[in-house]
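Below you'll find the structure, written out as structure tokens, and then a few comments.
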Amino acid sequence: MCTACACGTESAQAEVAAEANAADGRVYSVSGMTCGHCVSSVSGEIGKIDGVTGVAVDLPAGAVTVSGAGFTDEEIRAAVEQAGYQLASRS
């Protein structure tokens with residue numbers, strides 16, 4: 001079950017919020033994402049940051065790849081927390 005929104009989703013598939021890949025961006029580990037609503041919330045908040053040009057979420061891995069320039073890890077952390085999740089680490 002989704003721990004953030006209690007939407008009842010028990011199985012999740014990878015969803016991509018925007019085009020980005022590890023070669024072009026920074027990869028962050030985010031804990032607590034379990035469903036499409038989680039993906040939407042996290043990618044939406046990160047996408048609001050100036051300089052972010054793409055957000056891709058690998059739901060099963062709990063990984064978020066952010067592409068662009070001019071943003072900081074702290075901005076990403078704040079956006080993830082605003083969405084209701086925890087930034088676990090950056091790869």
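Scheme for the structure tokens: letters A, B, ... for chains in order shown; per-chain residue numbers from 1; ligand numbers from 1 in order shown.
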
Residues near segment 59-70 of chain A, cut-off 6 Å, only C-alpha atoms, skip fewer than 6 positions along chain, as a tab-separated table (two decimals) with N, CA and C atoms, in the first residue's frame:
```
chain	number	residue	atom	x	y	z
A	14	ALA	N	7.28	0.54	-13.18
A	14	ALA	CA	8.08	1.73	-13.41
A	14	ALA	C	7.28	2.70	-14.26
A	24	ASP	N	22.64	11.53	-18.49
A	24	ASP	CA	22.40	12.96	-18.63
A	24	ASP	C	22.01	13.66	-17.35
A	25	GLY	N	21.95	12.95	-16.25
A	25	GLY	CA	21.45	13.59	-15.04
A	25	GLY	C	22.00	13.01	-13.77
A	26	ARG	N	21.53	13.56	-12.68
A	26	ARG	CA	21.90	13.09	-11.34
A	26	ARG	C	20.85	12.08	-10.88
A	27	VAL	N	21.31	11.02	-10.24
A	27	VAL	CA	20.41	9.97	-9.77
A	27	VAL	C	20.31	10.06	-8.25
A	28	TYR	N	19.08	10.08	-7.76
A	28	TYR	CA	18.80	10.16	-6.33
A	28	TYR	C	17.98	8.95	-5.91
A	29	SER	N	18.19	8.48	-4.68
A	29	SER	CA	17.36	7.43	-4.11
A	29	SER	C	16.30	8.10	-3.25
A	30	VAL	N	15.04	7.72	-3.48
A	30	VAL	CA	13.93	8.28	-2.73
A	30	VAL	C	13.18	7.14	-2.07
A	51	GLY	N	15.92	25.23	-13.63
A	51	GLY	CA	17.07	24.51	-14.18
A	51	GLY	C	16.81	23.05	-14.44
A	52	VAL	N	15.75	22.48	-13.88
A	52	VAL	CA	15.43	21.07	-14.13
A	52	VAL	C	14.75	20.96	-15.48
A	53	THR	N	15.29	20.11	-16.34
A	53	THR	CA	14.72	19.93	-17.68
A	53	THR	C	14.05	18.58	-17.86
```

Checklist entry - Between A:Phe71, A:Val55, A:Arg77, A:Leu87, which one has atoms that come closest to Ser40 of chain A, using only C-alpha atoms? => result A:Val55

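Across the model, the gap from atom CA of Gly54 of chain A to atom CA of Glu75 of chain A is 14.7 Å.
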
Next on the checklist: Show me, as a PyMOL selection string, the residues that have an atom within 12 Å of segment 80-83 of chain A when counting only C-alpha atoms, minus same-chain residues fewer than 4 positions from it.
Outcome noted: chain A and resi 4-5+28-33+37-49+63-64+66+73-76+87-89

Atoms kept (N, CA, C and O atoms) for selection, written as a compact mmCIF listing (two decimals), in the first residue's frame:
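Produced file selection27.txt, reproduced below:
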```
# COMPACT_ATOMS: atom_id res chain seq x y z
N ALA A 4 2.41 7.07 1.40
CA ALA A 4 2.23 8.52 1.41
C ALA A 4 0.79 8.94 1.20
O ALA A 4 0.31 9.89 1.79
N CYS A 5 0.07 8.24 0.33
CA CYS A 5 -1.28 8.70 0.00
C CYS A 5 -2.36 7.68 0.33
O CYS A 5 -3.53 7.96 0.16
N TYR A 28 19.08 10.08 -7.76
CA TYR A 28 18.80 10.16 -6.33
C TYR A 28 17.98 8.95 -5.91
O TYR A 28 17.13 8.48 -6.67
N SER A 29 18.19 8.48 -4.68
CA SER A 29 17.36 7.43 -4.11
C SER A 29 16.30 8.10 -3.25
O SER A 29 16.63 8.94 -2.41
N VAL A 30 15.04 7.72 -3.48
CA VAL A 30 13.93 8.28 -2.73
C VAL A 30 13.18 7.14 -2.07
O VAL A 30 12.78 6.19 -2.73
N SER A 31 12.97 7.25 -0.77
CA SER A 31 12.27 6.18 -0.06
C SER A 31 10.79 6.51 0.09
O SER A 31 10.40 7.66 0.17
N GLY A 32 9.98 5.45 0.05
CA GLY A 32 8.55 5.58 0.29
C GLY A 32 7.65 5.57 -0.92
O GLY A 32 6.45 5.51 -0.79
N MET A 33 8.22 5.64 -2.13
CA MET A 33 7.38 5.65 -3.33
C MET A 33 6.91 4.24 -3.65
O MET A 33 7.72 3.32 -3.69
N HIS A 37 0.77 7.54 -8.12
CA HIS A 37 0.54 8.82 -7.45
C HIS A 37 1.84 9.33 -6.83
O HIS A 37 2.14 10.52 -6.87
N CYS A 38 2.60 8.43 -6.25
CA CYS A 38 3.90 8.78 -5.66
C CYS A 38 4.82 9.36 -6.73
O CYS A 38 5.46 10.39 -6.53
N VAL A 39 4.88 8.69 -7.86
CA VAL A 39 5.71 9.13 -8.98
C VAL A 39 5.30 10.53 -9.42
O VAL A 39 6.13 11.42 -9.60
N SER A 40 4.01 10.73 -9.56
CA SER A 40 3.49 12.02 -10.00
C SER A 40 3.82 13.12 -9.01
O SER A 40 4.22 14.23 -9.40
N SER A 41 3.66 12.85 -7.74
CA SER A 41 3.94 13.84 -6.70
C SER A 41 5.41 14.24 -6.69
O SER A 41 5.74 15.43 -6.67
N VAL A 42 6.29 13.26 -6.70
CA VAL A 42 7.72 13.53 -6.64
C VAL A 42 8.19 14.24 -7.91
O VAL A 42 8.88 15.26 -7.85
N SER A 43 7.80 13.72 -9.06
CA SER A 43 8.26 14.34 -10.31
C SER A 43 7.69 15.74 -10.49
O SER A 43 8.37 16.64 -11.00
N GLY A 44 6.48 15.96 -10.04
CA GLY A 44 5.87 17.27 -10.14
C GLY A 44 6.59 18.31 -9.31
O GLY A 44 6.84 19.43 -9.78
N GLU A 45 6.94 17.97 -8.08
CA GLU A 45 7.66 18.91 -7.21
C GLU A 45 9.07 19.18 -7.73
O GLU A 45 9.51 20.32 -7.75
N ILE A 46 9.77 18.13 -8.14
CA ILE A 46 11.12 18.33 -8.66
C ILE A 46 11.09 19.15 -9.95
O ILE A 46 11.94 20.00 -10.18
N GLY A 47 10.08 18.90 -10.78
CA GLY A 47 9.96 19.62 -12.05
C GLY A 47 9.76 21.11 -11.90
O GLY A 47 9.98 21.87 -12.85
N LYS A 48 9.35 21.58 -10.73
CA LYS A 48 9.16 23.01 -10.48
C LYS A 48 10.47 23.76 -10.24
O LYS A 48 10.48 24.98 -10.26
N ILE A 49 11.55 23.04 -10.01
CA ILE A 49 12.82 23.66 -9.67
C ILE A 49 13.44 24.29 -10.93
O ILE A 49 13.53 23.64 -11.98
N ALA A 63 14.48 5.05 -7.58
CA ALA A 63 15.47 5.99 -8.11
C ALA A 63 14.80 7.08 -8.93
O ALA A 63 13.85 6.83 -9.66
N VAL A 64 15.31 8.30 -8.77
CA VAL A 64 14.83 9.45 -9.53
C VAL A 64 16.03 10.07 -10.22
O VAL A 64 17.01 10.44 -9.57
N VAL A 66 17.37 13.19 -12.39
CA VAL A 66 17.03 14.58 -12.67
C VAL A 66 18.06 15.14 -13.63
O VAL A 66 19.26 15.10 -13.37
N ASP A 73 21.49 19.88 -4.81
CA ASP A 73 20.97 18.70 -4.13
C ASP A 73 19.98 19.10 -3.04
O ASP A 73 19.00 18.41 -2.81
N GLU A 74 20.23 20.22 -2.39
CA GLU A 74 19.31 20.68 -1.34
C GLU A 74 17.96 21.07 -1.92
O GLU A 74 16.92 20.85 -1.27
N GLU A 75 17.93 21.63 -3.11
CA GLU A 75 16.65 21.95 -3.76
C GLU A 75 15.89 20.67 -4.07
O GLU A 75 14.67 20.61 -3.90
N ILE A 76 16.62 19.65 -4.51
CA ILE A 76 15.99 18.36 -4.79
C ILE A 76 15.44 17.76 -3.50
O ILE A 76 14.30 17.30 -3.44
N LEU A 87 14.54 11.86 0.72
CA LEU A 87 15.68 11.65 -0.16
C LEU A 87 16.69 10.80 0.61
O LEU A 87 17.17 11.21 1.68
N ALA A 88 16.96 9.60 0.12
CA ALA A 88 17.83 8.68 0.83
C ALA A 88 19.30 8.94 0.51
O ALA A 88 20.14 8.90 1.39
N SER A 89 19.62 9.20 -0.77
CA SER A 89 21.01 9.45 -1.16
C SER A 89 21.07 9.90 -2.60
O SER A 89 20.08 9.88 -3.33
```

Checklist entry - Using only C-alpha atoms, which residue out of A:Ala78, A:Ser91, A:Tyr85, A:Asp50 lies closest to Thr34 of chain A? => result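 Result for the nearest residue to Thr34 of chain A: A:Tyr85.
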
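Scanning segment 17-62 of chain A with DSSP on the backbone, the strand (DSSP E or B) assignments fall on Gly25, Arg26, Val27, Tyr28, Ser29, Val30, Ser31, Val52, Thr53, Gly54, Val55, Ala56, Val57 and Asp58 of chain A.
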
Take the residues from that selection and write them out as a PDB file, in the first residue's frame, keeping N, CA, C and O atoms.
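File again29.pdb, as written:
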```pdb
ATOM      1  N   GLY A  25      21.946  12.946 -16.254  1.00  0.00           N
ATOM      2  CA  GLY A  25      21.450  13.589 -15.043  1.00  0.00           C
ATOM      3  C   GLY A  25      22.005  13.006 -13.773  1.00  0.00           C
ATOM      4  O   GLY A  25      22.831  12.104 -13.782  1.00  0.00           O
ATOM      5  N   ARG A  26      21.533  13.559 -12.676  1.00  0.00           N
ATOM      6  CA  ARG A  26      21.901  13.088 -11.344  1.00  0.00           C
ATOM      7  C   ARG A  26      20.854  12.084 -10.877  1.00  0.00           C
ATOM      8  O   ARG A  26      19.668  12.301 -11.053  1.00  0.00           O
ATOM      9  N   VAL A  27      21.311  11.016 -10.242  1.00  0.00           N
ATOM     10  CA  VAL A  27      20.408   9.974  -9.766  1.00  0.00           C
ATOM     11  C   VAL A  27      20.306  10.056  -8.247  1.00  0.00           C
ATOM     12  O   VAL A  27      21.317  10.100  -7.550  1.00  0.00           O
ATOM     13  N   TYR A  28      19.076  10.081  -7.758  1.00  0.00           N
ATOM     14  CA  TYR A  28      18.801  10.163  -6.325  1.00  0.00           C
ATOM     15  C   TYR A  28      17.976   8.948  -5.911  1.00  0.00           C
ATOM     16  O   TYR A  28      17.131   8.483  -6.671  1.00  0.00           O
ATOM     17  N   SER A  29      18.190   8.478  -4.684  1.00  0.00           N
ATOM     18  CA  SER A  29      17.360   7.425  -4.108  1.00  0.00           C
ATOM     19  C   SER A  29      16.301   8.096  -3.245  1.00  0.00           C
ATOM     20  O   SER A  29      16.628   8.941  -2.408  1.00  0.00           O
ATOM     21  N   VAL A  30      15.044   7.716  -3.481  1.00  0.00           N
ATOM     22  CA  VAL A  30      13.932   8.284  -2.734  1.00  0.00           C
ATOM     23  C   VAL A  30      13.178   7.143  -2.068  1.00  0.00           C
ATOM     24  O   VAL A  30      12.780   6.188  -2.728  1.00  0.00           O
ATOM     25  N   SER A  31      12.970   7.250  -0.767  1.00  0.00           N
ATOM     26  CA  SER A  31      12.272   6.182  -0.055  1.00  0.00           C
ATOM     27  C   SER A  31      10.789   6.506   0.086  1.00  0.00           C
ATOM     28  O   SER A  31      10.396   7.663   0.174  1.00  0.00           O
ATOM     29  N   VAL A  52      15.753  22.476 -13.880  1.00  0.00           N
ATOM     30  CA  VAL A  52      15.430  21.068 -14.125  1.00  0.00           C
ATOM     31  C   VAL A  52      14.752  20.964 -15.485  1.00  0.00           C
ATOM     32  O   VAL A  52      13.761  21.645 -15.746  1.00  0.00           O
ATOM     33  N   THR A  53      15.289  20.113 -16.342  1.00  0.00           N
ATOM     34  CA  THR A  53      14.719  19.928 -17.676  1.00  0.00           C
ATOM     35  C   THR A  53      14.050  18.577 -17.856  1.00  0.00           C
ATOM     36  O   THR A  53      13.332  18.371 -18.827  1.00  0.00           O
ATOM     37  N   GLY A  54      14.281  17.648 -16.922  1.00  0.00           N
ATOM     38  CA  GLY A  54      13.653  16.339 -17.019  1.00  0.00           C
ATOM     39  C   GLY A  54      13.730  15.579 -15.720  1.00  0.00           C
ATOM     40  O   GLY A  54      14.667  15.763 -14.940  1.00  0.00           O
ATOM     41  N   VAL A  55      12.720  14.766 -15.478  1.00  0.00           N
ATOM     42  CA  VAL A  55      12.668  13.922 -14.289  1.00  0.00           C
ATOM     43  C   VAL A  55      12.203  12.543 -14.733  1.00  0.00           C
ATOM     44  O   VAL A  55      11.174  12.422 -15.396  1.00  0.00           O
ATOM     45  N   ALA A  56      12.959  11.519 -14.375  1.00  0.00           N
ATOM     46  CA  ALA A  56      12.566  10.142 -14.688  1.00  0.00           C
ATOM     47  C   ALA A  56      12.579   9.341 -13.401  1.00  0.00           C
ATOM     48  O   ALA A  56      13.533   9.425 -12.624  1.00  0.00           O
ATOM     49  N   VAL A  57      11.521   8.586 -13.165  1.00  0.00           N
ATOM     50  CA  VAL A  57      11.398   7.811 -11.937  1.00  0.00           C
ATOM     51  C   VAL A  57      11.411   6.318 -12.276  1.00  0.00           C
ATOM     52  O   VAL A  57      10.634   5.863 -13.112  1.00  0.00           O
ATOM     53  N   ASP A  58      12.293   5.590 -11.611  1.00  0.00           N
ATOM     54  CA  ASP A  58      12.316   4.128 -11.684  1.00  0.00           C
ATOM     55  C   ASP A  58      11.699   3.660 -10.372  1.00  0.00           C
ATOM     56  O   ASP A  58      12.377   3.571  -9.346  1.00  0.00           O
TER      57      ASP A  58
END
```
